[in-house]
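S.K.: Have a look at this one before I ask anything.
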Amino acid sequence: MTRPRFLITIDTEGDNLWARSERIETRNAHFLPRFQALCEKYDLKPTWLTNYEMACCPEFVAFGRDVQARGTGEIGMHLHAWNSPPIVPLTEDDNQHHPYLIEYPLPVLQAKIEYLTDLLEDTFGTKMISHRAGRWAFDGAYARALIDHGYRVDCSVTPHVSWQRNKGAPFGDGGTDYRSCPEQPYHLDPDEPRRSGTSALLEVPVTIKRRRDGPSRWLQAQFDQGSLVWRLANRVRPLIAWLRPNGRNRQAMLWVLDEVQKRGEVHAEFMLHSSELMPGGSPTFPDGASIERLFDDLEHLFAATRGRFQGATLGEFHAWTTGEAGPRERLEAAGVAAP
C-alpha cells in the first residue's frame, strides 16, 4: 500500500518578526541544523520556504546549499512584501503594518516576485518551484504571477481558517478567507485560487482538521473563531487542529496524523517558522526550556510517521501527484483534482 506523504514546510525568515523591530536579524540560521538532523533521523525532507533576508544570510545560504546537495531538503520561496525589493512604500510605516503583497499595485507585485525568484535561483543554483505567500495572503493575480515564473506548487491555503481579521495595510480588507477551501491538494483556478481549476499550479493546503464530535460541532456553529469562547475551548482541546506546534498541542497533532491515515488521504503538511527553532526567536518559544519542549514534541510527532508516512519535499510531492512519479490512480481516488 502506498503511504501518504509527510511534508515539512518551514517559513524561513528573520528573527521574531512579530516584534516588528526596525532591524531584522537572521540569528536563527544558526539553530536550523538541529532541526534538519531530526528530520533526517526519521527520513523526512523539509522544504525551506525562504524570504529575502534569509537569502542574503551567508550562514543560511551555506546551510541551504548543503541540504540541496545532499538531497535532504528543498529551497522554495516565501515573500514578505514590506521588505523584499523593489521597496515601494505602501503605508506610512510598512515595517509596522506588514502589508500583504496582494495589496500592492500589480506591477509591484510582479516585480517583487521576479526579484526574489531570481535572487533565490542565482543563490542556490536551482529552479524555484515551491512557494508560500507571506502572511498567508493569496489571490488570482499572485497565482498567475507564480505560474508565469514557473512555480509548480503552492502551500498558502489554510482550510477552515480566515485571516480577514488580520490587517495588513490599515486601508485594506485584511487577509484571505480560506474557510471554504478543500483540505486536499488541487490544481487551482488562477482566477480564484481558493477553488479547483485547470492550471498547472498545484495547491497543497496546510493540514488542518476540524473536530467532528457533537460538542465540537456545536461550539463551531455557535461561536466565531475570534470569540473568547472559541479561544478558551481551543486551549483545552483544539476545535481546529493544525500540524503546527505551539508548545501545548502534541496530542492534537498526533490526532491529526491519525485522521489523515484513517481517511486515506494523500498528504499531511506540517508548518513552522525558522525563527521558532531559536530561543527568543518568537513569542511562542521565548527561551531555551520552551525550545527543548518543542523538540520533545517534534521527536514524538516525527516518530509517529514511521512506517505510516513517507517523507517528501513539496517538489517531490508535486512530481508524485502529477504522474511524474507514483500511482496517479490512488491520487484520483483520494480526490486530488488533476489538470
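For the C-alpha cells, the naming scheme is as follows: chains receive sequential letters (A, B, ...) according to their order of presentation, residues are indexed from 1 within each chain, and ligands are indexed from 1 in presentation order.
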Compile the contact shell of His149 of chain A as an NGL selection string: residues with an atom at most 12 Å away, counting only C-alpha atoms, same-chain residues fewer than 5 positions apart removed.

M.R.: :A and (77 or 110-118 or 121 or 127-131 or 142-144 or 200-201)

S.K.: Can you pull out every residue within 9 Å of segment 172-186 of chain A, counting only C-alpha atoms, but drop anything in the same chain fewer than 6 positions away, and send it as a ChimeraX atom specification?

M.R.: /A:99-100,103,135-139,157-166,194-197,201-209,265-267,321,334-339

S.K.: I'd like the neighbourhood of Tyr42 of chain A as a ChimeraX atom specification, where a residue qualifies if any of its atoms comes within 12 Å (using only C-alpha atoms), though same-chain residues fewer than 4 positions away should be ignored.

M.R.: /A:6,8,35-38,46,72,298-312

S.K.: Using the selection just defined, write its residues with N, CA and C atoms as a PDB file, in the first residue's frame.

M.R.:
```
ATOM      1  N   PHE A   6       4.450  12.849   4.066  1.00  0.00           N
ATOM      2  CA  PHE A   6       4.554  13.795   5.181  1.00  0.00           C
ATOM      3  C   PHE A   6       5.436  14.946   4.710  1.00  0.00           C
ATOM      4  N   ILE A   8       7.095  18.663   5.315  1.00  0.00           N
ATOM      5  CA  ILE A   8       7.528  19.632   6.326  1.00  0.00           C
ATOM      6  C   ILE A   8       7.819  20.942   5.611  1.00  0.00           C
ATOM      7  N   PHE A  35      17.322  20.985  13.726  1.00  0.00           N
ATOM      8  CA  PHE A  35      16.037  20.554  13.188  1.00  0.00           C
ATOM      9  C   PHE A  35      16.232  19.692  11.951  1.00  0.00           C
ATOM     10  N   GLN A  36      17.136  20.095  11.069  1.00  0.00           N
ATOM     11  CA  GLN A  36      17.410  19.312   9.862  1.00  0.00           C
ATOM     12  C   GLN A  36      17.876  17.901  10.234  1.00  0.00           C
ATOM     13  N   ALA A  37      18.735  17.797  11.239  1.00  0.00           N
ATOM     14  CA  ALA A  37      19.218  16.485  11.670  1.00  0.00           C
ATOM     15  C   ALA A  37      18.079  15.620  12.210  1.00  0.00           C
ATOM     16  N   LEU A  38      17.146  16.239  12.941  1.00  0.00           N
ATOM     17  CA  LEU A  38      15.997  15.480  13.448  1.00  0.00           C
ATOM     18  C   LEU A  38      15.142  14.976  12.289  1.00  0.00           C
ATOM     19  N   PRO A  46      12.562  18.505   4.783  1.00  0.00           N
ATOM     20  CA  PRO A  46      11.927  19.825   4.882  1.00  0.00           C
ATOM     21  C   PRO A  46      12.020  20.602   3.569  1.00  0.00           C
ATOM     22  N   THR A  72      18.505  16.220   0.871  1.00  0.00           N
ATOM     23  CA  THR A  72      17.753  16.006   2.114  1.00  0.00           C
ATOM     24  C   THR A  72      16.750  17.133   2.392  1.00  0.00           C
ATOM     25  N   LEU A 298       8.388  17.480  18.736  1.00  0.00           N
ATOM     26  CA  LEU A 298       8.757  17.115  17.365  1.00  0.00           C
ATOM     27  C   LEU A 298       9.240  15.670  17.290  1.00  0.00           C
ATOM     28  N   GLU A 299      10.018  15.256  18.275  1.00  0.00           N
ATOM     29  CA  GLU A 299      10.503  13.870  18.305  1.00  0.00           C
ATOM     30  C   GLU A 299       9.317  12.895  18.313  1.00  0.00           C
ATOM     31  N   HIS A 300       8.334  13.165  19.153  1.00  0.00           N
ATOM     32  CA  HIS A 300       7.165  12.283  19.223  1.00  0.00           C
ATOM     33  C   HIS A 300       6.364  12.315  17.923  1.00  0.00           C
ATOM     34  N   LEU A 301       6.169  13.501  17.358  1.00  0.00           N
ATOM     35  CA  LEU A 301       5.401  13.620  16.127  1.00  0.00           C
ATOM     36  C   LEU A 301       6.101  12.914  14.974  1.00  0.00           C
ATOM     37  N   PHE A 302       7.388  13.186  14.796  1.00  0.00           N
ATOM     38  CA  PHE A 302       8.103  12.577  13.681  1.00  0.00           C
ATOM     39  C   PHE A 302       8.221  11.067  13.849  1.00  0.00           C
ATOM     40  N   ALA A 303       8.397  10.612  15.079  1.00  0.00           N
ATOM     41  CA  ALA A 303       8.448   9.168  15.318  1.00  0.00           C
ATOM     42  C   ALA A 303       7.128   8.508  14.920  1.00  0.00           C
ATOM     43  N   ALA A 304       6.014   9.233  15.095  1.00  0.00           N
ATOM     44  CA  ALA A 304       4.701   8.680  14.760  1.00  0.00           C
ATOM     45  C   ALA A 304       4.484   8.546  13.257  1.00  0.00           C
ATOM     46  N   THR A 305       5.361   9.145  12.431  1.00  0.00           N
ATOM     47  CA  THR A 305       5.228   8.997  10.977  1.00  0.00           C
ATOM     48  C   THR A 305       5.881   7.704  10.482  1.00  0.00           C
ATOM     49  N   ARG A 306       6.730   7.092  11.279  1.00  0.00           N
ATOM     50  CA  ARG A 306       7.490   5.915  10.847  1.00  0.00           C
ATOM     51  C   ARG A 306       6.570   4.762  10.480  1.00  0.00           C
ATOM     52  N   GLY A 307       6.802   4.231   9.276  1.00  0.00           N
ATOM     53  CA  GLY A 307       6.009   3.103   8.808  1.00  0.00           C
ATOM     54  C   GLY A 307       4.621   3.480   8.335  1.00  0.00           C
ATOM     55  N   ARG A 308       4.231   4.731   8.517  1.00  0.00           N
ATOM     56  CA  ARG A 308       2.885   5.172   8.155  1.00  0.00           C
ATOM     57  C   ARG A 308       2.895   6.227   7.048  1.00  0.00           C
ATOM     58  N   PHE A 309       3.928   7.068   7.041  1.00  0.00           N
ATOM     59  CA  PHE A 309       4.054   8.155   6.073  1.00  0.00           C
ATOM     60  C   PHE A 309       5.416   8.073   5.406  1.00  0.00           C
ATOM     61  N   GLN A 310       5.524   8.699   4.257  1.00  0.00           N
ATOM     62  CA  GLN A 310       6.810   8.801   3.568  1.00  0.00           C
ATOM     63  C   GLN A 310       7.182  10.267   3.437  1.00  0.00           C
ATOM     64  N   GLY A 311       8.404  10.614   3.834  1.00  0.00           N
ATOM     65  CA  GLY A 311       8.852  11.989   3.739  1.00  0.00           C
ATOM     66  C   GLY A 311       9.026  12.439   2.301  1.00  0.00           C
ATOM     67  N   ALA A 312       8.720  13.710   2.035  1.00  0.00           N
ATOM     68  CA  ALA A 312       8.908  14.270   0.695  1.00  0.00           C
ATOM     69  C   ALA A 312       8.971  15.784   0.795  1.00  0.00           C
TER      70      ALA A 312
END
```

S.K.: Using DSSP on the backbone coordinates, identify the residues of segment 67-277 of chain A assigned to helix (DSSP H, G or I); present them as a count of residues only.

M.R.: 77

S.K.: Compile the contact shell of Glu276 of chain A as a PyMOL selection string: residues with an atom at most 9 Å away, counting only C-alpha atoms, same-chain residues fewer than 3 positions apart removed.

M.R.: chain A and resi 15-16+28+272-273+279-286+291

S.K.: Hey, can you check how far atom CA of Gly315 of chain A sits from atom CA of Arg250 of chain A?

M.R.: 27.3 Å

S.K.: I need the residues in segment 59-225 of chain A that are strand (DSSP E) according to DSSP; give them as a list in words.

M.R.: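 Reading the DSSP output for segment 59-225 of chain A, strand (DSSP E) covers Glu74, Ile75, Gly76, Met77, His78, Leu79, Ser130, His131, Arg132, Ala133, Val153, Asp154, Tyr186, His187, Leu188, Asp189, Glu192, Pro193, Arg194, Arg195, Ser196, Leu202, Glu203, Ile208, Lys209 and Arg210 of chain A.
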
S.K.: Report, in Å to a single decimal, how far apart atom CA of Ile240 of chain A and atom CA of Arg263 of chain A are.

M.R.: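 Interatomic distance here is 16.6 Å.
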
S.K.: If you count only C-alpha atoms, which residues fall within 10 Å of Leu90 of chain A, apart from same-chain ones fewer than 6 positions away, as a ChimeraX atom specification?

M.R.: /A:81-82,97-100,103-105,169

S.K.: Limited to C-alpha atoms, could you put the picked residues into a file as a tab-separated table (two decimals), in the first residue's frame?

M.R.:
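In the end it all went to selection_4.tsv:
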```
chain	number	residue	atom	x	y	z
A	81	ALA	CA	6.22	42.26	0.68
A	82	TRP	CA	7.20	45.03	3.11
A	97	HIS	CA	1.86	47.31	9.30
A	98	HIS	CA	3.40	44.41	7.30
A	99	PRO	CA	1.14	44.97	4.27
A	100	TYR	CA	0.16	41.96	2.19
A	103	GLU	CA	-2.41	44.93	-1.51
A	104	TYR	CA	0.34	46.36	-3.75
A	105	PRO	CA	-0.28	47.51	-7.35
A	169	ALA	CA	-2.36	47.97	5.24
```

S.K.: Mind giving me the straight-line distance from atom CA of Val108 of chain A to atom CA of Cys56 of chain A in Å, one decimal?

M.R.: 20.8 Å

S.K.: Considering only C-alpha atoms, can you say which of A:Pro238, A:Gly14, A:Pro170, A:Pro193 comes closest to Gln96 of chain A?

M.R.: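 Smallest distance to Gln96 of chain A is found for A:Pro170.
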
S.K.: Can you work out which one of A:Ile10, A:Ser275, A:Arg211, A:Pro58 has the shortest atom-to-atom distance to Leu239 of chain A, counting only C-alpha atoms?

M.R.: A:Arg211

S.K.: Nearest to Leu32 of chain A among A:Met278, A:Val88, A:Ala319, A:Leu7, with distances taken over only C-alpha atoms: which residue is it?

M.R.: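 So, comparing all the options, the nearest one is A:Met278.
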